[in-house]
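Reviewing the structure listed below.
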Amino acid sequence: MSETTGVNRREFLATVAAAHGAFVLGFWVPSRADAQTTPTPNAAWYQDPATPEINAWIVIAPDDTVTIRIAQTELGQGVWTSNAMMVCEELQCDWSKVRPQYASANRDAREKAPEWTLTVPGQGAGDPKGGGEPTFGNRDRTGVSGIPDSLYRRMRTNAASSVKDGRYYLQLAGAEARERLLLAAAKQWNVPVTELTAKSSVITHASSGRTTTYGQIAHHAAETPHPHPETITIKSPDQWTLMGTEQKNLDIPLKVTGKTVYGIDVRLPGMKWAAVKACPVYGGDVKSYDFDKVRTMPGVRSVVQFPIPDPALTRGRVFSGGVAVIADSWYQAKTALDKMPIEWTIPPEHAAFNTANMHATLLASLDQPGRVRVDHGDVEAAFARAARIVEATYSTPYLPRARMEPGNATVLVTNERVDIWIGDQSPQETRFSAAKITGIPEENVYLHLCHLGGGFGRNGNGPQAEHAIMIANANRGIPIHMLWTREEDFIGTTYRAMGVARLKAALDADGWPIALDVRTGMQGGGFGPEASFDVTSRYFVPNYRYSSHTTTFHVPVGTRRGVGQAAHEFYRESFIDELAHAAGKDPYRYRRELLARTSLPYKDDMIKALDMAAEMSGWGSPLPKGKARGIALEERGAEGNGMATISAMVHTVSVSRDGKVRLERVDVAHETGFGLVNPLSVKKQIEGQITWFYNDAVHQASTIAEGRVVENNFNAFPISRMSEDPPEINIRFFPTQHWLLGMGHDRATSVQSAIGDAIFQITGKRYRDLPYAKHDLRWS
Amino acid sequence: MAFELVVNGTSHTVDADPQTPLLWVIRDHVGLTGTKFSCGIGQCGACTLHIDGRAVRSCSVPVRTAVGKKVVTIEGVSPDGNHPLQAAWTELDAPQCGYCQSGMIMSALALLREHATPSDADIDAQVTNICRCGTYHRVRQAIHLAADLLKAPGRDGVR
């Protein structure tokens, strides 16, 4: 059946690796993706018996090269570098000799985490010496959140949590290895370990003048257990020397030369390609197809029909059944698939959905009782005595992630094991899926992790891996590279739920709110359906009620960048602008006063952010006609006294007379918490999210017609180019006294409301449904 | 059908349907994977490479149009990864996920050939690649920096 059948497994895998110049030892074989940094000639690899690991995260070669294993996926956020920085800080090794490598998801299935990583040091979010407040959850490897007890702990790359959840055990991993290197040197020299110092991979015994390097002592350290690993502490920010400094990402040299290995770049001997069509209406399946029509086309090998992926493997979401054509090259497979007749079975109730009727259903849900999450004071009584009532209804569309790399995975299933080459935001879930689909235990599933061409929300919850595994399972013995077209990627993704909100405020005679009633409507299963409004109002109001209203639709919704937070901050900040205008007050001063009146633990930080952003922007200074500024607060976690992330931004916006919006300038005031691991990565994350939320605000919407998503390529789903990038972005940081929640997904949500308010100031028109580009923004 | 294709100065014998998009021949027959597939309809520019010095979206060009011409991909921009564009990109830490960056650099390379000192408007007009991570701000700075580096003594512009 295949060129590889009958070949000894180990031989075959050795061939695979040799073809790509990687080092092969033992039975777990690295893909090219194991060397994403500039390759070190003859680099040692962890199962090389000559280079034993110090612990699961760290291998030190005789030449002092330090391999640091990364359990999160690099998808542009810089985790390849920041995770390594956290280990290196404690290890005190030479940063220039650090070489990241993906951690083994297979070992993670076989081995438990070391005891000394199980407990977070310190006293939570407010303790600079501690590990912050990681979310342990139920420690489920296949869940949405939480930190499992398996070897590499949390392998998910989501919720902007790689630093928040991983910092304490990555610092501990570096510290444990450092202590053991010191112990090994002390033993060799027969001196007390307390007399030794370690710096930049060199251990020194000052009184005797002896030195050794990590590379020279690593072999001994690997055999020197720490007698009391539970006593190891981590450095606080005042002791950091590498963390907190701007470090360029370690994989940039590969990314400017085309050498980075993404999932789509994996090539194996004997590999065949699969192109896929899934039913464009979710919940639909294949009724019939006619492979005979394309069987003789060039390169075509076979066809596989696959069912709707088991929702238990896709977090309960129902995608579609489909067909794959397998051929010698992907273009041949795709060409044949395009010509192959396929008929679908589509549930009529799904085909009946369209944007208009779904939106109407969501709006109607707001009049239902809903789930009352907060009810402080007496909202009804306050409305009865209001001097003025302001009400506004906002809408946000379905939005996909639309990452640049279309979904793909390369899978080889044999009767003994499964090998998967993939860029994946949740390898532990993918490992579980592989075991369920093939019946081969998780301990025999091997993931060869690759960089990901954009993530923006857990590709692991779309069915790219499940499709590929099902197709390869039907072709055991043949490595199958499944690649979605762009159009399929729009079907295989989860969407941010379409949402609506109705906010109603009672104002007193001075224009200050005395009651606020917030109702949000969102498809059930969406993430963050209560964000920004739950627990308490972030802006002071003595009487406050918040209810959430959920509806069931057939579109699979998931953790798209920003989750519900992004939509909810659009609602909240837009409404505060509307209230300020109704009260005849300045939107910055209005916000400031309403924050000052709260008793929120981080209100001073929020006020600081507003003040700093306003000052940076020249708030209040005159602008020419056609330009305006909008300000907004961004917070996650500010309702409590735990971890939080707080920023404020001022967006200077122009609208031309013919209705063209331009984001001219962005002034960002952002807290650092106790410390940012890599401030350069943080700046890039902020810059990137300005573009992200600019697109949400101005351009993007996914609409539904006859149950299917209409916009399925970049001609219909617009993404901004260089020409719309704001000419000026200013970012300033200010220190605060708590650990941050994360930087990766809900920064710059303020773009949405700020552009809306600028449009209002310039044109006199208030638009409450995104994106703005669908509206007539002309003025005279 | 077999034909010769010159990529990065090396001649390759390729056996493919001449209607196959150049992108897939480069990735699957020639074996250079730095040029990326993303939209397949010439919208995003991830597949940008040069044919006889002109930036082309290779997903939408049949391979036959490149026969007898010089194709240059990201792998051929410099022997050592240190072309002024690559050096500027590295200096500014421009890439995030990096997937679009090969195409971005190839577009910028064509731009600098025509405009040794590009204005922001020149950049807007000619570098129309999509980046979903939002690296535009750094890419723009990197293009300006590369233009400066190219004018440094000992260099005589983009070759």
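Identifiers in this document derive from the order of the structure tokens: chains are assigned A, B, ..., residues are numbered from 1 separately in each chain, and ligands are numbered from 1 in order of occurrence.
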Exercise. What residues in chain B have any atom no more than 8 Å from chain A when counting only C-alpha atoms, and can you write them as a ChimeraX atom specification?
Worked result: /B:20,24,28,33-35,37-40,43-44,74-75,77,81,86,89-90,93,95-102,105,121,123-125,127-137,140
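For Lys97 in chain A, the set of protein, DNA and RNA residues having any atom at most 12 Å away, when counting only C-alpha atoms and skipping those fewer than 3 positions along the same chain, is Thr37, Thr38, Pro39, Thr40, Ala43, Val59, Ile60, Ala61, Pro62, Asp63, Asp64, Thr65, Val66, Thr67, Ile68, Ala84, Met85, Cys88, Gln92, Cys93, Asp94, Pro100, Ser200, Ser201, Tyr214, Gly215 and Leu250 of chain A.
The residue set within 8 Å of Leu111 in chain B, counting only C-alpha atoms and dropping same-chain residues fewer than 4 places from it, reads B:Ser107, B:His115, B:Pro118, B:Asp122, B:Ile123, B:Gln126, B:Val127.
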Residues as selected, C-alpha atoms, written as a compact mmCIF listing (two decimals), in the first residue's frame, can you do that?
```txt
# COMPACT_ATOMS: atom_id res chain seq x y z
CA SER B 107 7.48 42.94 -1.80
CA HIS B 115 12.43 53.60 -4.95
CA PRO B 118 10.60 55.15 -0.51
CA ASP B 122 5.26 54.43 -1.82
CA ILE B 123 5.25 51.74 0.86
CA GLN B 126 3.45 48.74 -3.15
CA VAL B 127 3.60 46.65 -0.01
```
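Interatomic distance, CA of His350 in chain A to CA of Pro529 in chain A: 23.0 Å.
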Exercise. When you draw a straight line from CA of Asn730 in chain A to CA of Lys625 in chain A, how long is it in Å?
Worked result: 22.9 Å
May I have the residues within 12 Å of range 7-16 of chain B as a compact mmCIF listing (two decimals) with all heavy atoms, in the first residue's frame, using only C-alpha atoms and disregarding those fewer than 4 positions away in the same chain?
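Output contents, as saved in out-v6.txt:
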```
# COMPACT_ATOMS: atom_id res chain seq x y z
N PRO A 298 -4.59 13.19 -12.78
CA PRO A 298 -3.18 13.01 -12.44
C PRO A 298 -2.93 13.02 -10.94
O PRO A 298 -3.43 13.90 -10.23
CB PRO A 298 -2.50 14.22 -13.10
CG PRO A 298 -3.44 14.68 -14.15
CD PRO A 298 -4.81 14.31 -13.71
N GLY A 299 -2.17 12.02 -10.51
CA GLY A 299 -1.72 11.98 -9.12
C GLY A 299 -2.73 11.46 -8.12
O GLY A 299 -2.39 11.21 -6.97
N ASP A 328 -0.78 12.65 -5.01
CA ASP A 328 0.67 12.77 -4.83
C ASP A 328 1.08 14.17 -4.41
O ASP A 328 2.03 14.36 -3.69
CB ASP A 328 1.39 12.40 -6.14
CG ASP A 328 1.23 10.92 -6.46
OD1 ASP A 328 0.89 10.15 -5.53
OD2 ASP A 328 1.39 10.54 -7.63
N SER A 329 0.36 15.18 -4.94
CA SER A 329 0.65 16.55 -4.50
C SER A 329 -0.67 17.19 -4.06
O SER A 329 -1.75 16.73 -4.44
CB SER A 329 1.28 17.37 -5.63
OG SER A 329 0.29 17.76 -6.56
N TYR A 331 -1.83 20.13 -4.81
CA TYR A 331 -2.55 20.82 -5.88
C TYR A 331 -3.33 19.83 -6.74
O TYR A 331 -4.45 20.11 -7.17
CB TYR A 331 -1.60 21.65 -6.74
CG TYR A 331 -2.34 22.60 -7.62
CD1 TYR A 331 -2.99 23.71 -7.09
CD2 TYR A 331 -2.46 22.35 -8.98
CE1 TYR A 331 -3.73 24.56 -7.90
CE2 TYR A 331 -3.19 23.20 -9.80
CZ TYR A 331 -3.82 24.31 -9.25
OH TYR A 331 -4.56 25.15 -10.04
N GLN A 332 -2.78 18.65 -6.93
CA GLN A 332 -3.53 17.60 -7.64
C GLN A 332 -4.75 17.17 -6.85
O GLN A 332 -5.84 16.99 -7.41
CB GLN A 332 -2.62 16.38 -7.88
CG GLN A 332 -1.52 16.62 -8.90
CD GLN A 332 -0.51 15.49 -8.95
OE1 GLN A 332 -0.23 14.84 -7.93
NE2 GLN A 332 0.05 15.26 -10.14
N MET B 1 4.71 16.82 -17.72
CA MET B 1 5.58 17.43 -18.71
C MET B 1 6.79 18.04 -18.02
O MET B 1 6.66 18.77 -17.04
CB MET B 1 4.79 18.53 -19.44
CG MET B 1 5.55 19.15 -20.58
SD MET B 1 4.64 20.58 -21.22
CE MET B 1 5.98 21.72 -21.40
N ALA B 2 7.98 17.70 -18.51
CA ALA B 2 9.20 18.18 -17.84
C ALA B 2 9.70 19.47 -18.48
O ALA B 2 9.60 19.64 -19.69
CB ALA B 2 10.28 17.10 -17.91
N PHE B 3 10.16 20.37 -17.64
CA PHE B 3 10.75 21.62 -18.13
C PHE B 3 11.78 22.11 -17.12
O PHE B 3 11.87 21.60 -16.02
CB PHE B 3 9.67 22.67 -18.38
CG PHE B 3 8.70 22.83 -17.25
CD1 PHE B 3 8.97 23.67 -16.18
CD2 PHE B 3 7.50 22.10 -17.24
CE1 PHE B 3 8.08 23.80 -15.14
CE2 PHE B 3 6.61 22.23 -16.18
CZ PHE B 3 6.90 23.07 -15.14
N THR B 20 0.01 24.33 -13.40
CA THR B 20 0.12 24.35 -11.94
C THR B 20 0.61 25.73 -11.49
O THR B 20 1.56 26.26 -12.06
CB THR B 20 1.12 23.28 -11.46
OG1 THR B 20 0.76 22.03 -12.02
CG2 THR B 20 1.16 23.18 -9.94
N PRO B 21 -0.01 26.30 -10.47
CA PRO B 21 0.50 27.59 -9.99
C PRO B 21 1.97 27.47 -9.57
O PRO B 21 2.39 26.48 -8.98
CB PRO B 21 -0.39 27.89 -8.78
CG PRO B 21 -1.67 27.17 -9.07
CD PRO B 21 -1.26 25.92 -9.79
N LEU B 22 2.73 28.50 -9.90
CA LEU B 22 4.16 28.52 -9.60
C LEU B 22 4.43 28.21 -8.13
O LEU B 22 5.38 27.52 -7.79
CB LEU B 22 4.72 29.91 -9.98
CG LEU B 22 6.19 30.18 -9.70
CD1 LEU B 22 7.09 29.16 -10.39
CD2 LEU B 22 6.55 31.60 -10.13
N LEU B 23 3.56 28.74 -7.24
CA LEU B 23 3.72 28.51 -5.79
C LEU B 23 3.92 27.04 -5.48
O LEU B 23 4.82 26.66 -4.73
CB LEU B 23 2.48 29.03 -5.05
CG LEU B 23 2.35 28.61 -3.59
CD1 LEU B 23 3.45 29.25 -2.74
CD2 LEU B 23 0.98 28.99 -3.03
N TRP B 24 3.06 26.19 -6.06
CA TRP B 24 3.10 24.77 -5.69
C TRP B 24 4.30 24.07 -6.30
O TRP B 24 4.82 23.11 -5.74
CB TRP B 24 1.77 24.10 -6.07
CG TRP B 24 0.66 24.71 -5.26
CD1 TRP B 24 -0.30 25.56 -5.69
CD2 TRP B 24 0.50 24.58 -3.84
NE1 TRP B 24 -1.09 25.96 -4.63
CE2 TRP B 24 -0.62 25.38 -3.49
CE3 TRP B 24 1.17 23.90 -2.83
CZ2 TRP B 24 -1.09 25.49 -2.17
CZ3 TRP B 24 0.70 24.00 -1.53
CH2 TRP B 24 -0.41 24.79 -1.21
N VAL B 25 4.75 24.55 -7.44
CA VAL B 25 5.96 23.97 -8.02
C VAL B 25 7.17 24.33 -7.16
O VAL B 25 8.02 23.50 -6.87
CB VAL B 25 6.14 24.45 -9.47
CG1 VAL B 25 7.48 23.98 -10.03
CG2 VAL B 25 4.99 23.92 -10.33
N ILE B 26 7.20 25.58 -6.71
CA ILE B 26 8.31 26.01 -5.85
C ILE B 26 8.31 25.22 -4.55
O ILE B 26 9.34 24.73 -4.09
CB ILE B 26 8.18 27.53 -5.54
CG1 ILE B 26 8.36 28.37 -6.81
CG2 ILE B 26 9.16 27.94 -4.45
CD1 ILE B 26 9.76 28.33 -7.40
N ARG B 27 7.14 25.04 -3.94
CA ARG B 27 7.06 24.37 -2.64
C ARG B 27 7.23 22.85 -2.76
O ARG B 27 7.93 22.24 -1.95
CB ARG B 27 5.72 24.67 -1.96
CG ARG B 27 5.60 26.10 -1.42
CD ARG B 27 4.26 26.31 -0.71
NE ARG B 27 4.07 25.39 0.41
CZ ARG B 27 4.56 25.57 1.63
NH1 ARG B 27 5.28 26.65 1.91
NH2 ARG B 27 4.34 24.68 2.58
N ASP B 28 6.58 22.26 -3.76
CA ASP B 28 6.50 20.80 -3.77
C ASP B 28 7.45 20.12 -4.75
O ASP B 28 7.82 18.97 -4.54
CB ASP B 28 5.06 20.35 -4.07
CG ASP B 28 4.12 20.73 -2.93
OD1 ASP B 28 4.64 20.98 -1.82
OD2 ASP B 28 2.90 20.77 -3.15
N HIS B 29 7.83 20.79 -5.82
CA HIS B 29 8.76 20.18 -6.77
C HIS B 29 10.18 20.65 -6.51
O HIS B 29 11.10 19.85 -6.45
CB HIS B 29 8.35 20.50 -8.22
CG HIS B 29 7.04 19.87 -8.60
ND1 HIS B 29 6.95 18.70 -9.33
CD2 HIS B 29 5.76 20.22 -8.32
CE1 HIS B 29 5.67 18.37 -9.49
NE2 HIS B 29 4.94 19.29 -8.90
N VAL B 30 10.35 21.96 -6.37
CA VAL B 30 11.69 22.49 -6.11
C VAL B 30 12.06 22.30 -4.63
O VAL B 30 13.22 22.14 -4.29
CB VAL B 30 11.76 23.99 -6.52
CG1 VAL B 30 13.12 24.58 -6.22
CG2 VAL B 30 11.42 24.15 -8.00
N GLY B 31 11.04 22.28 -3.77
CA GLY B 31 11.30 21.97 -2.37
C GLY B 31 11.68 23.16 -1.51
O GLY B 31 12.25 22.99 -0.43
N LEU B 32 11.35 24.37 -1.96
CA LEU B 32 11.62 25.56 -1.15
C LEU B 32 10.31 25.98 -0.48
O LEU B 32 9.37 26.38 -1.16
CB LEU B 32 12.17 26.69 -2.03
CG LEU B 32 13.52 26.40 -2.69
CD1 LEU B 32 13.88 27.50 -3.68
CD2 LEU B 32 14.62 26.25 -1.63
N LEU B 49 6.98 36.21 -4.70
CA LEU B 49 8.36 35.96 -5.10
C LEU B 49 8.65 36.84 -6.31
O LEU B 49 7.78 37.62 -6.73
CB LEU B 49 8.59 34.47 -5.38
CG LEU B 49 7.58 33.70 -6.23
CD1 LEU B 49 7.54 34.19 -7.66
CD2 LEU B 49 7.87 32.21 -6.19
N HIS B 50 9.83 36.72 -6.86
CA HIS B 50 10.18 37.57 -8.00
C HIS B 50 10.34 36.74 -9.26
O HIS B 50 10.93 35.66 -9.22
CB HIS B 50 11.51 38.30 -7.74
CG HIS B 50 11.40 39.38 -6.70
ND1 HIS B 50 12.36 40.35 -6.54
CD2 HIS B 50 10.46 39.65 -5.77
CE1 HIS B 50 12.01 41.16 -5.56
NE2 HIS B 50 10.86 40.75 -5.06
N ILE B 51 9.78 37.24 -10.34
CA ILE B 51 10.09 36.70 -11.67
C ILE B 51 10.76 37.83 -12.45
O ILE B 51 10.16 38.90 -12.64
CB ILE B 51 8.82 36.24 -12.41
CG1 ILE B 51 8.10 35.13 -11.62
CG2 ILE B 51 9.18 35.73 -13.82
CD1 ILE B 51 6.78 34.68 -12.25
N ASP B 52 11.99 37.59 -12.83
CA ASP B 52 12.80 38.61 -13.50
C ASP B 52 12.74 39.95 -12.75
O ASP B 52 12.58 41.01 -13.35
CB ASP B 52 12.34 38.80 -14.95
CG ASP B 52 12.88 37.69 -15.85
OD1 ASP B 52 13.76 36.92 -15.40
OD2 ASP B 52 12.42 37.58 -17.00
N GLY B 53 12.85 39.87 -11.45
CA GLY B 53 12.96 41.08 -10.63
C GLY B 53 11.64 41.73 -10.25
O GLY B 53 11.63 42.70 -9.51
N PRO B 62 0.53 30.62 -13.43
CA PRO B 62 0.92 29.26 -13.82
C PRO B 62 2.43 29.16 -14.03
O PRO B 62 3.06 30.12 -14.47
CB PRO B 62 0.16 29.02 -15.14
CG PRO B 62 -0.32 30.35 -15.59
CD PRO B 62 -0.33 31.28 -14.43
N VAL B 63 2.96 28.01 -13.70
CA VAL B 63 4.41 27.85 -13.72
C VAL B 63 4.98 28.11 -15.12
O VAL B 63 6.11 28.57 -15.26
CB VAL B 63 4.81 26.45 -13.21
CG1 VAL B 63 4.28 25.34 -14.10
CG2 VAL B 63 6.32 26.32 -13.05
N ARG B 64 4.20 27.87 -16.15
CA ARG B 64 4.74 28.04 -17.50
C ARG B 64 5.21 29.47 -17.75
O ARG B 64 6.13 29.70 -18.53
CB ARG B 64 3.71 27.62 -18.56
CG ARG B 64 2.43 28.41 -18.56
CD ARG B 64 1.46 27.99 -19.66
NE ARG B 64 0.14 28.54 -19.41
CZ ARG B 64 -0.21 29.81 -19.56
NH1 ARG B 64 0.69 30.70 -19.97
NH2 ARG B 64 -1.43 30.22 -19.27
N ALA B 66 6.89 31.23 -15.87
CA ALA B 66 8.21 31.47 -15.28
C ALA B 66 9.32 30.74 -16.01
O ALA B 66 10.50 30.93 -15.71
CB ALA B 66 8.20 31.05 -13.81
N VAL B 67 8.93 29.90 -16.97
CA VAL B 67 9.94 29.12 -17.69
C VAL B 67 10.78 30.08 -18.55
O VAL B 67 10.25 30.95 -19.22
CB VAL B 67 9.27 28.04 -18.57
CG1 VAL B 67 10.32 27.32 -19.44
CG2 VAL B 67 8.55 27.03 -17.68
N GLY B 68 12.10 29.91 -18.46
CA GLY B 68 13.01 30.76 -19.22
C GLY B 68 13.29 32.08 -18.52
O GLY B 68 13.97 32.95 -19.08
N LYS B 69 12.71 32.25 -17.32
CA LYS B 69 12.95 33.49 -16.58
C LYS B 69 13.64 33.17 -15.26
O LYS B 69 13.77 32.01 -14.90
CB LYS B 69 11.62 34.21 -16.33
CG LYS B 69 10.97 34.63 -17.65
CD LYS B 69 9.62 35.27 -17.43
CE LYS B 69 9.03 35.63 -18.80
NZ LYS B 69 7.63 35.97 -18.73
N LYS B 70 14.05 34.24 -14.57
CA LYS B 70 14.74 34.03 -13.30
C LYS B 70 13.77 34.19 -12.14
O LYS B 70 13.20 35.27 -11.95
CB LYS B 70 15.88 35.05 -13.16
CG LYS B 70 17.06 34.74 -14.06
CD LYS B 70 18.15 35.77 -13.89
CE LYS B 70 19.29 35.50 -14.86
NZ LYS B 70 20.14 36.68 -15.05
N VAL B 71 13.61 33.12 -11.40
CA VAL B 71 12.74 33.17 -10.22
C VAL B 71 13.62 33.34 -8.98
O VAL B 71 14.63 32.64 -8.84
CB VAL B 71 11.91 31.87 -10.10
CG1 VAL B 71 11.07 31.89 -8.82
CG2 VAL B 71 11.02 31.69 -11.32
N VAL B 72 13.25 34.28 -8.13
CA VAL B 72 13.96 34.44 -6.85
C VAL B 72 12.94 34.34 -5.72
O VAL B 72 11.90 35.00 -5.76
CB VAL B 72 14.73 35.78 -6.78
CG1 VAL B 72 15.34 35.96 -5.39
CG2 VAL B 72 15.82 35.82 -7.84
N THR B 73 13.25 33.50 -4.74
CA THR B 73 12.38 33.35 -3.57
C THR B 73 13.10 33.91 -2.34
O THR B 73 14.27 34.31 -2.43
CB THR B 73 12.06 31.87 -3.31
OG1 THR B 73 13.28 31.22 -2.90
CG2 THR B 73 11.52 31.19 -4.57
N ILE B 74 12.42 33.88 -1.21
CA ILE B 74 13.03 34.38 0.03
C ILE B 74 14.37 33.69 0.31
O ILE B 74 15.29 34.31 0.83
CB ILE B 74 12.04 34.19 1.21
CG1 ILE B 74 12.59 34.77 2.52
CG2 ILE B 74 11.69 32.71 1.44
CD1 ILE B 74 12.65 36.27 2.58
N GLU B 75 14.47 32.43 -0.08
CA GLU B 75 15.72 31.70 0.17
C GLU B 75 16.88 32.25 -0.66
O GLU B 75 18.05 32.00 -0.35
CB GLU B 75 15.55 30.20 -0.13
CG GLU B 75 14.64 29.44 0.84
CD GLU B 75 13.17 29.43 0.44
OE1 GLU B 75 12.79 30.22 -0.45
OE2 GLU B 75 12.40 28.64 1.02
N GLY B 76 16.54 33.01 -1.71
CA GLY B 76 17.59 33.52 -2.58
C GLY B 76 17.91 35.00 -2.37
O GLY B 76 18.65 35.59 -3.14
N VAL B 77 17.34 35.58 -1.33
CA VAL B 77 17.55 37.02 -1.10
C VAL B 77 19.00 37.32 -0.75
O VAL B 77 19.56 38.34 -1.16
CB VAL B 77 16.58 37.53 -0.01
CG1 VAL B 77 16.96 38.92 0.47
CG2 VAL B 77 15.15 37.52 -0.53
N SER B 78 19.61 36.44 0.02
CA SER B 78 21.01 36.61 0.37
C SER B 78 21.58 35.25 0.74
O SER B 78 20.84 34.38 1.18
CB SER B 78 21.17 37.57 1.55
OG SER B 78 20.63 36.97 2.71
N PRO B 79 22.87 35.08 0.57
CA PRO B 79 23.44 33.77 0.93
C PRO B 79 23.49 33.55 2.43
O PRO B 79 23.45 32.41 2.89
CB PRO B 79 24.86 33.82 0.33
CG PRO B 79 25.15 35.26 0.09
CD PRO B 79 23.84 35.98 -0.06
```
For this session: May I have all residues of range 8-86 of chain B that DSSP, computed from the backbone, assigns to strand (DSSP E), given as a PyMOL selection string?
Result: chain B and resi 10-15+48-51+54-57+70-72
Problem set entry | Secondary structure check, alpha helix (DSSP H) residues of chain B, as number ranges by chain | B: 22-24, 84-91, 101-114, 120-126, 136-150
